[in-house]
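Next comes query.cif, with mmCIF, C-alpha atoms and all ligand atoms.
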```cif
data_final
#
loop_
_atom_site.label_atom_id
_atom_site.label_comp_id
_atom_site.auth_asym_id
_atom_site.auth_seq_id
_atom_site.Cartn_x
_atom_site.Cartn_y
_atom_site.Cartn_z
CA MET M 307 16.81 -46.41 -46.02
CA LEU M 308 20.63 -46.26 -46.28
CA PRO M 309 22.21 -43.45 -48.28
CA ILE M 310 23.51 -44.70 -51.67
CA PRO M 311 27.27 -44.47 -50.85
CA PHE M 312 26.80 -46.68 -47.79
CA LEU M 313 24.71 -49.11 -49.81
CA LEU M 314 27.49 -49.39 -52.44
CA LEU M 315 30.10 -49.87 -49.75
CA PHE M 316 27.97 -52.58 -48.17
CA LEU M 317 27.42 -54.35 -51.52
CA SER M 318 31.09 -54.22 -52.47
CA SER M 319 32.09 -55.74 -49.14
CA VAL M 320 29.54 -58.56 -49.60
CA LEU M 321 30.41 -59.24 -53.24
CA SER M 322 34.16 -58.72 -52.98
CA PRO M 323 36.02 -61.77 -54.34
CA SER M 324 38.69 -61.31 -51.68
CA SER M 325 36.26 -62.73 -49.12
CA ALA M 326 36.69 -66.24 -50.65
CA ALA M 327 39.76 -67.80 -52.29
CA ASP M 328 39.44 -68.27 -56.05
CA PHE M 329 42.11 -70.96 -56.04
CA CYS M 330 44.67 -72.69 -53.89
CA VAL M 331 47.81 -73.13 -55.97
CA ALA M 332 49.91 -75.86 -54.33
CA ASP M 333 52.87 -74.73 -52.27
CA LEU M 334 55.16 -77.60 -53.30
CA SER M 335 57.77 -76.57 -50.72
CA LEU M 336 55.46 -77.83 -47.96
CA PRO M 337 54.37 -81.45 -47.50
CA THR M 338 51.04 -82.60 -48.93
CA THR M 339 48.17 -83.67 -46.66
CA PRO M 340 45.07 -85.81 -47.28
CA ALA M 341 43.29 -82.51 -48.02
CA GLY M 342 45.92 -81.52 -50.59
CA PHE M 343 48.81 -79.08 -50.50
CA SER M 344 48.84 -75.79 -48.60
CA CYS M 345 48.07 -72.72 -50.71
CA LYS M 346 50.86 -70.59 -52.13
CA LYS M 347 50.59 -66.92 -51.14
CA GLU M 348 48.45 -65.26 -53.79
CA SER M 349 51.05 -62.53 -54.34
CA THR M 350 53.53 -65.20 -55.53
CA VAL M 351 51.08 -66.96 -57.90
CA THR M 352 51.73 -66.48 -61.62
CA VAL M 353 50.11 -67.71 -64.81
CA SER M 354 52.76 -70.48 -64.95
CA ASP M 355 51.00 -72.09 -62.00
CA PHE M 356 47.91 -72.56 -64.19
CA VAL M 357 49.72 -73.93 -67.26
CA PHE M 358 51.40 -77.33 -67.53
CA SER M 359 53.30 -78.36 -70.65
CA GLY M 360 54.42 -81.81 -69.46
CA LEU M 361 51.72 -83.66 -71.40
CA SER M 362 53.26 -82.65 -74.73
CA VAL M 363 56.07 -85.14 -74.09
CA THR M 364 55.73 -88.77 -75.24
CA GLY M 365 56.05 -91.14 -72.27
CA ASN M 366 58.72 -93.85 -72.16
CA THR M 367 56.98 -97.14 -72.96
CA SER M 368 60.10 -99.35 -72.51
CA ASN M 369 58.62 -101.26 -69.57
CA ILE M 370 56.64 -104.40 -68.85
CA LEU M 371 53.34 -102.63 -69.65
CA LYS M 372 54.64 -101.20 -72.95
CA ALA M 373 52.71 -98.14 -71.80
CA ALA M 374 53.42 -94.95 -69.89
CA VAL M 375 51.30 -92.67 -67.75
CA THR M 376 52.38 -89.03 -67.45
CA PRO M 377 50.43 -87.38 -64.62
CA ALA M 378 49.32 -83.76 -64.32
CA PHE M 379 48.29 -83.97 -60.67
CA SER M 380 48.91 -81.24 -58.10
CA SER M 381 52.53 -82.38 -57.53
CA GLN M 382 53.25 -81.63 -61.19
CA PHE M 383 50.57 -79.04 -61.91
CA ALA M 384 50.25 -76.83 -58.82
CA GLY M 385 47.24 -74.89 -60.17
CA VAL M 386 44.84 -77.86 -59.94
CA ASN M 387 45.34 -78.18 -56.18
CA GLY M 388 41.98 -77.88 -54.40
CA LEU M 389 39.93 -77.85 -57.60
CA ASP M 390 38.95 -81.56 -57.64
CA ILE M 391 40.30 -81.99 -61.14
CA SER M 392 43.46 -83.37 -62.75
CA ALA M 393 44.72 -84.96 -65.95
CA ALA M 394 47.17 -87.45 -67.42
CA ARG M 395 48.64 -88.53 -70.73
CA LEU M 396 48.81 -92.21 -71.68
CA ASP M 397 51.19 -93.54 -74.30
CA PHE M 398 50.88 -97.08 -75.63
CA ALA M 399 53.48 -98.87 -77.73
CA ILE M 400 52.24 -101.78 -79.87
CA GLY M 401 51.08 -104.43 -77.38
CA GLY M 402 50.79 -101.85 -74.61
CA VAL M 403 48.36 -102.29 -71.73
CA VAL M 404 47.26 -100.42 -68.64
CA PRO M 405 46.19 -103.46 -66.61
CA LEU M 406 43.02 -103.74 -64.56
CA HIS M 407 43.08 -100.93 -62.01
CA THR M 408 40.95 -98.54 -60.01
CA HIS M 409 41.10 -94.90 -58.99
CA PRO M 410 39.36 -95.01 -55.60
CA ALA M 411 38.82 -91.24 -55.46
CA ALA M 412 37.90 -90.22 -59.01
CA SER M 413 35.80 -90.80 -62.08
CA GLU M 414 37.78 -90.60 -65.31
CA VAL M 415 37.06 -89.40 -68.83
CA PHE M 416 39.42 -90.87 -71.39
CA LEU M 417 39.98 -89.34 -74.85
CA VAL M 418 41.82 -91.22 -77.59
CA THR M 419 43.88 -88.83 -79.73
CA GLN M 420 45.93 -91.33 -81.73
CA GLY M 421 45.63 -95.01 -82.65
CA THR M 422 43.11 -97.56 -81.40
CA ILE M 423 42.51 -98.64 -77.81
CA LEU M 424 40.25 -101.35 -76.39
CA ALA M 425 38.97 -99.97 -73.10
CA GLY M 426 36.47 -101.19 -70.57
CA PHE M 427 35.28 -101.36 -67.01
CA ILE M 428 33.50 -103.80 -64.72
CA SER M 429 30.62 -102.60 -62.57
CA SER M 430 30.19 -103.61 -58.94
CA SER M 431 27.49 -106.06 -60.11
CA ASN M 432 30.13 -107.50 -62.49
CA SER M 433 28.54 -106.25 -65.69
CA VAL M 434 31.23 -105.62 -68.27
CA TYR M 435 31.33 -102.58 -70.55
CA TYR M 436 34.09 -102.54 -73.16
CA LYS M 437 34.61 -101.15 -76.63
CA THR M 438 37.30 -100.47 -79.20
CA LEU M 439 37.91 -96.73 -79.21
CA HIS M 440 39.26 -94.72 -82.12
CA LYS M 441 40.75 -91.25 -82.42
CA GLY M 442 38.28 -88.73 -81.00
CA ASP M 443 36.32 -91.26 -78.93
CA LEU M 444 35.71 -90.46 -75.29
CA MET M 445 34.88 -93.06 -72.62
CA VAL M 446 34.01 -92.55 -68.97
CA PHE M 447 35.11 -94.84 -66.14
CA PRO M 448 32.91 -94.30 -63.08
CA GLN M 449 34.62 -93.68 -59.75
CA GLY M 450 36.17 -96.66 -58.03
CA LEU M 451 35.34 -99.25 -60.72
CA LEU M 452 37.95 -101.61 -62.15
CA HIS M 453 38.95 -100.66 -65.69
CA PHE M 454 41.65 -101.25 -68.30
CA GLN M 455 43.04 -100.04 -71.62
CA VAL M 456 44.74 -102.17 -74.29
CA GLN M 457 46.43 -100.93 -77.47
CA ARG M 458 45.01 -102.42 -80.68
CA GLY M 459 46.15 -102.40 -84.31
CA GLY M 460 49.45 -101.67 -85.98
CA SER M 461 50.36 -98.26 -84.60
CA PRO M 462 51.12 -96.81 -81.16
CA ALA M 463 48.27 -95.04 -79.38
CA VAL M 464 47.93 -91.89 -77.31
CA ALA M 465 45.12 -90.88 -74.97
CA PHE M 466 44.46 -88.16 -72.43
CA ALA M 467 42.53 -88.67 -69.22
CA ALA M 468 40.80 -86.19 -66.94
CA PHE M 469 39.94 -87.06 -63.34
CA SER M 470 37.35 -85.68 -60.93
CA SER M 471 39.95 -85.36 -58.20
CA THR M 472 43.33 -83.72 -57.74
CA ASN M 473 44.47 -87.00 -56.27
CA PRO M 474 42.62 -89.87 -58.04
CA GLY M 475 44.65 -92.66 -56.41
CA LEU M 476 45.69 -95.78 -58.29
CA GLN M 477 45.57 -99.45 -57.40
CA ILE M 478 46.59 -102.03 -60.01
CA VAL M 479 44.96 -105.41 -59.31
CA SER M 480 47.89 -107.56 -60.51
CA LEU M 481 50.37 -105.64 -58.37
CA ALA M 482 48.04 -105.76 -55.37
CA LEU M 483 47.83 -109.54 -55.71
CA PHE M 484 51.28 -110.52 -56.99
CA GLY M 485 53.59 -107.54 -56.47
CA ASN M 486 53.94 -107.61 -52.71
CA SER M 487 54.80 -109.93 -49.81
CA LEU M 488 51.36 -111.50 -49.25
CA PRO M 489 52.32 -115.19 -48.73
CA SER M 490 51.64 -117.38 -51.78
CA PRO M 491 49.38 -119.86 -49.93
CA LEU M 492 47.20 -116.94 -48.87
CA VAL M 493 47.15 -115.50 -52.40
CA GLU M 494 46.14 -118.94 -53.70
CA LYS M 495 43.38 -119.18 -51.08
CA VAL M 496 41.89 -115.75 -51.87
CA THR M 497 42.17 -115.98 -55.67
CA PHE M 498 41.50 -119.71 -56.35
CA LEU M 499 44.69 -119.73 -58.48
CA ASP M 500 47.14 -122.61 -58.24
CA ASP M 501 50.60 -122.41 -56.69
CA GLU M 502 52.45 -122.53 -60.02
CA GLU M 503 50.51 -119.61 -61.48
CA VAL M 504 50.86 -117.49 -58.33
CA LYS M 505 54.62 -118.08 -58.12
CA LYS M 506 55.00 -117.29 -61.83
CA LEU M 507 53.10 -113.99 -61.50
CA LYS M 508 55.00 -113.04 -58.33
CA LYS M 509 58.24 -113.52 -60.21
CA VAL M 510 57.10 -111.34 -63.11
CA LEU M 511 55.58 -108.63 -60.91
CA GLY M 512 58.18 -108.45 -58.17
CA GLY M 513 56.31 -110.22 -55.38
CA THR M 514 57.90 -112.29 -52.63
CA GLY M 515 56.67 -115.03 -50.27
C1 LIG M 601 63.24 -95.50 -71.41
O1 LIG M 601 63.31 -96.38 -70.31
C2 LIG M 601 64.30 -97.40 -70.45
C3 LIG M 601 64.12 -98.37 -69.28
O2 LIG M 601 64.08 -97.71 -68.06
C4 LIG M 601 65.67 -96.76 -70.51
O3 LIG M 601 66.65 -97.75 -70.65
C5 LIG M 601 65.72 -95.79 -71.70
O4 LIG M 601 66.94 -95.10 -71.71
C6 LIG M 601 64.57 -94.79 -71.63
N1 LIG M 601 64.52 -94.04 -72.88
C7 LIG M 601 64.47 -92.72 -72.90
C8 LIG M 601 64.38 -92.10 -74.25
O5 LIG M 601 64.47 -92.04 -71.89
#
```
Now, as a test, write the supplied structure out as structure tokens.
Amino acid sequence: MLPIPFLLLFLSSVLSPSSAADFCVADLSLPTTPAGFSCKKESTVTVSDFVFSGLSVTGNTSNILKAAVTPAFSSQFAGVNGLDISAARLDFAIGGVVPLHTHPAASEVFLVTQGTILAGFISSSNSVYYKTLHKGDLMVFPQGLLHFQVQRGGSPAVAFAAFSSTNPGLQIVSLALFGNSLPSPLVEKVTFLDDEEVKKLKKVLGGTG
């Protein structure tokens, strides 16, 4: 049997939190990698790294979507780096929409805090799940599935989203189809849309070809 002091020393070395990192606050001075940012030296980490006030600001909805997304990902909120979690604020003017999109790397929970929003997603078997959400309602969008949010009613809406990744990724279907240089005949072939509609959408969404 070990004498008690040695036992305590042994236990403290096994249980010491310094043997594993509690967090990996992003070092924004170094480039990001697919695994996230490098960790800031713990001696330089402060409480400010774990607090982000950017979501208190109303986003600018003067754009084609009449909506704005303000992210709190690791580039903005260094403390979430490495924790598989992040957040965003969504502002919707009247008529605002976040068009059909996917976050390939994250599930999302979406909380309405103001106004009314019609939100939904489409499963990979093409079942559709959509509902009008009111203040206080929470909806989940499972990872990778196509989903959307549309403002309803006579007042602007605000929502907050939380993601199960520091880097959820974003692909908007309309931009993927009509906002790039994929030649129109090919877009028509792979979407079954006619030439007129494809050219019209490319013009609106900045596509060429
Ligand atoms: C919002 O964005 C529009 C279009 O980019 C710009 O003209 C306007 O000045 C912005 N408003 C504010 C308050 O930043």
Exercise. Which polymer residues have any atom within 8 Å of an atom of M:Thr472, counting only C-alpha atoms, with same-chain residues fewer than 5 positions away left out, as a PyMOL selection string?
Worked result: chain M and resi 342+379-380+386-392
Exercise. What is the distance between atom CA of M:Val479 and atom CA of M:Pro491, in Å to one decimal?
Worked result: 17.8 Å
Exercise. Closest to ligand LIG 601 (chain M) among M:Ser461, M:Thr350, M:Thr338, M:Thr364, using all atoms listed in the file?
Worked result: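 Of M:Ser461, M:Thr350, M:Thr338, M:Thr364, the one nearest ligand LIG 601 (chain M), counting all atoms listed in the file, is M:Thr364.
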Exercise. Can you find the residues with an atom no farther than 12 Å from (33.0, -96.5, -62.5), counting only C-alpha atoms, and report them as a PyMOL selection string?
Worked result: chain M and resi 407-415+426-435+445-454+469-470
If the limit is 8 Å from any atom of ligand LIG 601 (chain M), counting all atoms listed in the file, which residues qualify? Return them as an mmCIF file with C-alpha atoms, in the coordinates of the input.
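The result, stored in result_12.cif:
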```
data_model
loop_
_atom_site.group_PDB
_atom_site.id
_atom_site.type_symbol
_atom_site.label_atom_id
_atom_site.label_comp_id
_atom_site.auth_asym_id
_atom_site.auth_seq_id
_atom_site.Cartn_x
_atom_site.Cartn_y
_atom_site.Cartn_z
ATOM 1 C CA ASN M 366 58.720 -93.850 -72.160
ATOM 2 C CA THR M 367 56.980 -97.140 -72.960
ATOM 3 C CA SER M 368 60.100 -99.350 -72.510
ATOM 4 C CA ASN M 369 58.620 -101.260 -69.570
#
```
Exercise. For the atom pair atom CA of M:Asp443 and atom CA of M:Ala463, what is the interatomic distance in Å to one decimal place?
Worked result: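 Here the two named atoms are 12.5 Å from each other.
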Exercise. What residues have an atom no more than 8 Å from (45.5, -100.9, -82.5) in the file's own frame, counting only C-alpha atoms, and can you write them as a PyMOL selection string?
Worked result: chain M and resi 400+421-423+457-463
Write the residues of the selection above to a file with C-alpha atoms, as a PDB file, in the coordinates of the input.
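again21.pdb, freshly written:
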```pdb
ATOM      1  CA  ILE M 400      52.240-101.780 -79.870  1.00  0.00           C
ATOM      2  CA  GLY M 421      45.630 -95.010 -82.650  1.00  0.00           C
ATOM      3  CA  THR M 422      43.110 -97.560 -81.400  1.00  0.00           C
ATOM      4  CA  ILE M 423      42.510 -98.640 -77.810  1.00  0.00           C
ATOM      5  CA  GLN M 457      46.430-100.930 -77.470  1.00  0.00           C
ATOM      6  CA  ARG M 458      45.010-102.420 -80.680  1.00  0.00           C
ATOM      7  CA  GLY M 459      46.150-102.400 -84.310  1.00  0.00           C
ATOM      8  CA  GLY M 460      49.450-101.670 -85.980  1.00  0.00           C
ATOM      9  CA  SER M 461      50.360 -98.260 -84.600  1.00  0.00           C
ATOM     10  CA  PRO M 462      51.120 -96.810 -81.160  1.00  0.00           C
ATOM     11  CA  ALA M 463      48.270 -95.040 -79.380  1.00  0.00           C
TER      12      ALA M 463
END
```
For this session: Could you tell me which of M:Val331, M:Leu444, M:Val375, M:Ala465 comes closest to M:Ser349 if we count all atoms listed in the file?
Result: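 Closest to M:Ser349, using all atoms listed in the file: M:Val331.
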Exercise. Nearest to M:Ile478 among M:Asp355, M:Val403, M:Phe416, M:Ala393, with distances taken over all atoms listed in the file: which residue is it?
Worked result: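 Among the listed residues, the smallest separation from M:Ile478 belongs to M:Val403.
Distances to M:Ser362 were evaluated for M:Leu417, M:Ala326, M:Thr339, M:Val464 using all atoms listed in the file, and the minimum falls at M:Val464.
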Exercise. Could you work out how far atom CA of M:Ala373 lies from atom CA of M:Val404, giving the answer in Å with one decimal?
Worked result: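 Here the two named atoms are 6.7 Å from each other.
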For this session: Tell me, as a list in words, which residues lie within 7 Å of M:Thr514, counting all atoms listed in the file; anything in the same chain fewer than 5 positions away does not count.
Result: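 Once the nearby chain positions are removed, what remains is Asn486, Ser487 and Lys508 of chain M.
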For this session: Tell me which of M:Gly401, M:Pro489, M:Gly442, M:Pro474 sits closest to M:Thr419, counting all atoms listed in the file.
Result: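 Closest residue, counting all atoms listed in the file: M:Gly442.
For the choices M:Val510, M:Asp500, M:Val357, M:Leu424, the atom-to-atom distance to M:Lys437 is smallest for M:Leu424 when using only C-alpha atoms.
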Since the input lacks atoms, please generate N, CA, C and O atoms for stretch 393-418 of chain M and provide them as a PDB file, in the coordinates of the input.
```pdb
ATOM      1  N   ALA M 393      44.641 -84.369 -64.621  1.00  0.00           N
ATOM      2  CA  ALA M 393      44.720 -84.960 -65.950  1.00  0.00           C
ATOM      3  C   ALA M 393      45.942 -85.843 -66.067  1.00  0.00           C
ATOM      4  O   ALA M 393      46.817 -85.840 -65.194  1.00  0.00           O
ATOM      5  N   ALA M 394      46.003 -86.617 -67.150  1.00  0.00           N
ATOM      6  CA  ALA M 394      47.170 -87.450 -67.420  1.00  0.00           C
ATOM      7  C   ALA M 394      47.234 -87.735 -68.907  1.00  0.00           C
ATOM      8  O   ALA M 394      46.226 -87.631 -69.612  1.00  0.00           O
ATOM      9  N   ARG M 395      48.439 -88.071 -69.360  1.00  0.00           N
ATOM     10  CA  ARG M 395      48.640 -88.530 -70.730  1.00  0.00           C
ATOM     11  C   ARG M 395      48.991 -90.012 -70.679  1.00  0.00           C
ATOM     12  O   ARG M 395      49.762 -90.437 -69.812  1.00  0.00           O
ATOM     13  N   LEU M 396      48.469 -90.796 -71.605  1.00  0.00           N
ATOM     14  CA  LEU M 396      48.810 -92.210 -71.680  1.00  0.00           C
ATOM     15  C   LEU M 396      49.380 -92.514 -73.054  1.00  0.00           C
ATOM     16  O   LEU M 396      48.755 -92.187 -74.079  1.00  0.00           O
ATOM     17  N   ASP M 397      50.562 -93.105 -73.057  1.00  0.00           N
ATOM     18  CA  ASP M 397      51.190 -93.540 -74.300  1.00  0.00           C
ATOM     19  C   ASP M 397      51.216 -95.070 -74.319  1.00  0.00           C
ATOM     20  O   ASP M 397      51.538 -95.698 -73.307  1.00  0.00           O
ATOM     21  N   PHE M 398      50.880 -95.627 -75.457  1.00  0.00           N
ATOM     22  CA  PHE M 398      50.880 -97.080 -75.630  1.00  0.00           C
ATOM     23  C   PHE M 398      51.747 -97.444 -76.827  1.00  0.00           C
ATOM     24  O   PHE M 398      51.479 -96.990 -77.939  1.00  0.00           O
ATOM     25  N   ALA M 399      52.773 -98.272 -76.599  1.00  0.00           N
ATOM     26  CA  ALA M 399      53.480 -98.870 -77.730  1.00  0.00           C
ATOM     27  C   ALA M 399      52.604-100.012 -78.256  1.00  0.00           C
ATOM     28  O   ALA M 399      51.578-100.349 -77.646  1.00  0.00           O
ATOM     29  N   ILE M 400      52.998-100.625 -79.364  1.00  0.00           N
ATOM     30  CA  ILE M 400      52.240-101.780 -79.870  1.00  0.00           C
ATOM     31  C   ILE M 400      52.309-102.879 -78.805  1.00  0.00           C
ATOM     32  O   ILE M 400      53.379-103.176 -78.271  1.00  0.00           O
ATOM     33  N   GLY M 401      51.149-103.424 -78.444  1.00  0.00           N
ATOM     34  CA  GLY M 401      51.080-104.430 -77.380  1.00  0.00           C
ATOM     35  C   GLY M 401      50.956-103.823 -75.984  1.00  0.00           C
ATOM     36  O   GLY M 401      50.929-104.549 -74.990  1.00  0.00           O
ATOM     37  N   GLY M 402      50.841-102.523 -75.914  1.00  0.00           N
ATOM     38  CA  GLY M 402      50.790-101.850 -74.610  1.00  0.00           C
ATOM     39  C   GLY M 402      49.481-102.078 -73.876  1.00  0.00           C
ATOM     40  O   GLY M 402      48.418-102.244 -74.490  1.00  0.00           O
ATOM     41  N   VAL M 403      49.559-102.074 -72.553  1.00  0.00           N
ATOM     42  CA  VAL M 403      48.360-102.290 -71.730  1.00  0.00           C
ATOM     43  C   VAL M 403      48.475-101.515 -70.422  1.00  0.00           C
ATOM     44  O   VAL M 403      49.551-101.454 -69.825  1.00  0.00           O
ATOM     45  N   VAL M 404      47.372-100.907 -70.025  1.00  0.00           N
ATOM     46  CA  VAL M 404      47.260-100.420 -68.640  1.00  0.00           C
ATOM     47  C   VAL M 404      46.363-101.450 -67.973  1.00  0.00           C
ATOM     48  O   VAL M 404      45.163-101.519 -68.242  1.00  0.00           O
ATOM     49  N   PRO M 405      46.953-102.326 -67.135  1.00  0.00           N
ATOM     50  CA  PRO M 405      46.190-103.460 -66.610  1.00  0.00           C
ATOM     51  C   PRO M 405      45.051-103.031 -65.676  1.00  0.00           C
ATOM     52  O   PRO M 405      44.991-101.875 -65.255  1.00  0.00           O
ATOM     53  N   LEU M 406      44.206-103.975 -65.387  1.00  0.00           N
ATOM     54  CA  LEU M 406      43.020-103.740 -64.560  1.00  0.00           C
ATOM     55  C   LEU M 406      43.394-102.948 -63.309  1.00  0.00           C
ATOM     56  O   LEU M 406      44.265-103.373 -62.547  1.00  0.00           O
ATOM     57  N   HIS M 407      42.741-101.809 -63.135  1.00  0.00           N
ATOM     58  CA  HIS M 407      43.080-100.930 -62.010  1.00  0.00           C
ATOM     59  C   HIS M 407      41.877-100.094 -61.609  1.00  0.00           C
ATOM     60  O   HIS M 407      40.873-100.053 -62.331  1.00  0.00           O
ATOM     61  N   THR M 408      42.001 -99.430 -60.477  1.00  0.00           N
ATOM     62  CA  THR M 408      40.950 -98.540 -60.010  1.00  0.00           C
ATOM     63  C   THR M 408      41.551 -97.235 -59.497  1.00  0.00           C
ATOM     64  O   THR M 408      42.697 -97.226 -59.022  1.00  0.00           O
ATOM     65  N   HIS M 409      40.777 -96.162 -59.651  1.00  0.00           N
ATOM     66  CA  HIS M 409      41.100 -94.900 -58.990  1.00  0.00           C
ATOM     67  C   HIS M 409      40.039 -94.723 -57.905  1.00  0.00           C
ATOM     68  O   HIS M 409      38.905 -94.341 -58.206  1.00  0.00           O
ATOM     69  N   PRO M 410      40.393 -95.023 -56.647  1.00  0.00           N
ATOM     70  CA  PRO M 410      39.360 -95.010 -55.600  1.00  0.00           C
ATOM     71  C   PRO M 410      38.667 -93.653 -55.443  1.00  0.00           C
ATOM     72  O   PRO M 410      37.510 -93.603 -55.039  1.00  0.00           O
ATOM     73  N   ALA M 411      39.363 -92.564 -55.793  1.00  0.00           N
ATOM     74  CA  ALA M 411      38.820 -91.240 -55.460  1.00  0.00           C
ATOM     75  C   ALA M 411      38.312 -90.448 -56.656  1.00  0.00           C
ATOM     76  O   ALA M 411      37.959 -89.279 -56.504  1.00  0.00           O
ATOM     77  N   ALA M 412      38.268 -91.058 -57.864  1.00  0.00           N
ATOM     78  CA  ALA M 412      37.900 -90.220 -59.010  1.00  0.00           C
ATOM     79  C   ALA M 412      37.205 -90.996 -60.120  1.00  0.00           C
ATOM     80  O   ALA M 412      37.556 -92.146 -60.397  1.00  0.00           O
ATOM     81  N   SER M 413      36.261 -90.346 -60.773  1.00  0.00           N
ATOM     82  CA  SER M 413      35.800 -90.800 -62.080  1.00  0.00           C
ATOM     83  C   SER M 413      36.802 -90.295 -63.102  1.00  0.00           C
ATOM     84  O   SER M 413      37.552 -89.357 -62.844  1.00  0.00           O
ATOM     85  N   GLU M 414      36.796 -90.942 -64.273  1.00  0.00           N
ATOM     86  CA  GLU M 414      37.780 -90.600 -65.310  1.00  0.00           C
ATOM     87  C   GLU M 414      37.072 -90.463 -66.651  1.00  0.00           C
ATOM     88  O   GLU M 414      36.225 -91.283 -66.985  1.00  0.00           O
ATOM     89  N   VAL M 415      37.425 -89.433 -67.408  1.00  0.00           N
ATOM     90  CA  VAL M 415      37.060 -89.400 -68.830  1.00  0.00           C
ATOM     91  C   VAL M 415      38.340 -89.572 -69.624  1.00  0.00           C
ATOM     92  O   VAL M 415      39.377 -89.007 -69.282  1.00  0.00           O
ATOM     93  N   PHE M 416      38.254 -90.370 -70.674  1.00  0.00           N
ATOM     94  CA  PHE M 416      39.420 -90.870 -71.390  1.00  0.00           C
ATOM     95  C   PHE M 416      39.219 -90.576 -72.868  1.00  0.00           C
ATOM     96  O   PHE M 416      38.243 -91.027 -73.471  1.00  0.00           O
ATOM     97  N   LEU M 417      40.113 -89.777 -73.455  1.00  0.00           N
ATOM     98  CA  LEU M 417      39.980 -89.340 -74.850  1.00  0.00           C
ATOM     99  C   LEU M 417      41.124 -89.908 -75.683  1.00  0.00           C
ATOM    100  O   LEU M 417      42.300 -89.647 -75.393  1.00  0.00           O
ATOM    101  N   VAL M 418      40.791 -90.676 -76.708  1.00  0.00           N
ATOM    102  CA  VAL M 418      41.820 -91.220 -77.590  1.00  0.00           C
ATOM    103  C   VAL M 418      42.174 -90.151 -78.639  1.00  0.00           C
ATOM    104  O   VAL M 418      41.291 -89.613 -79.302  1.00  0.00           O
TER     105      VAL M 418
END
```
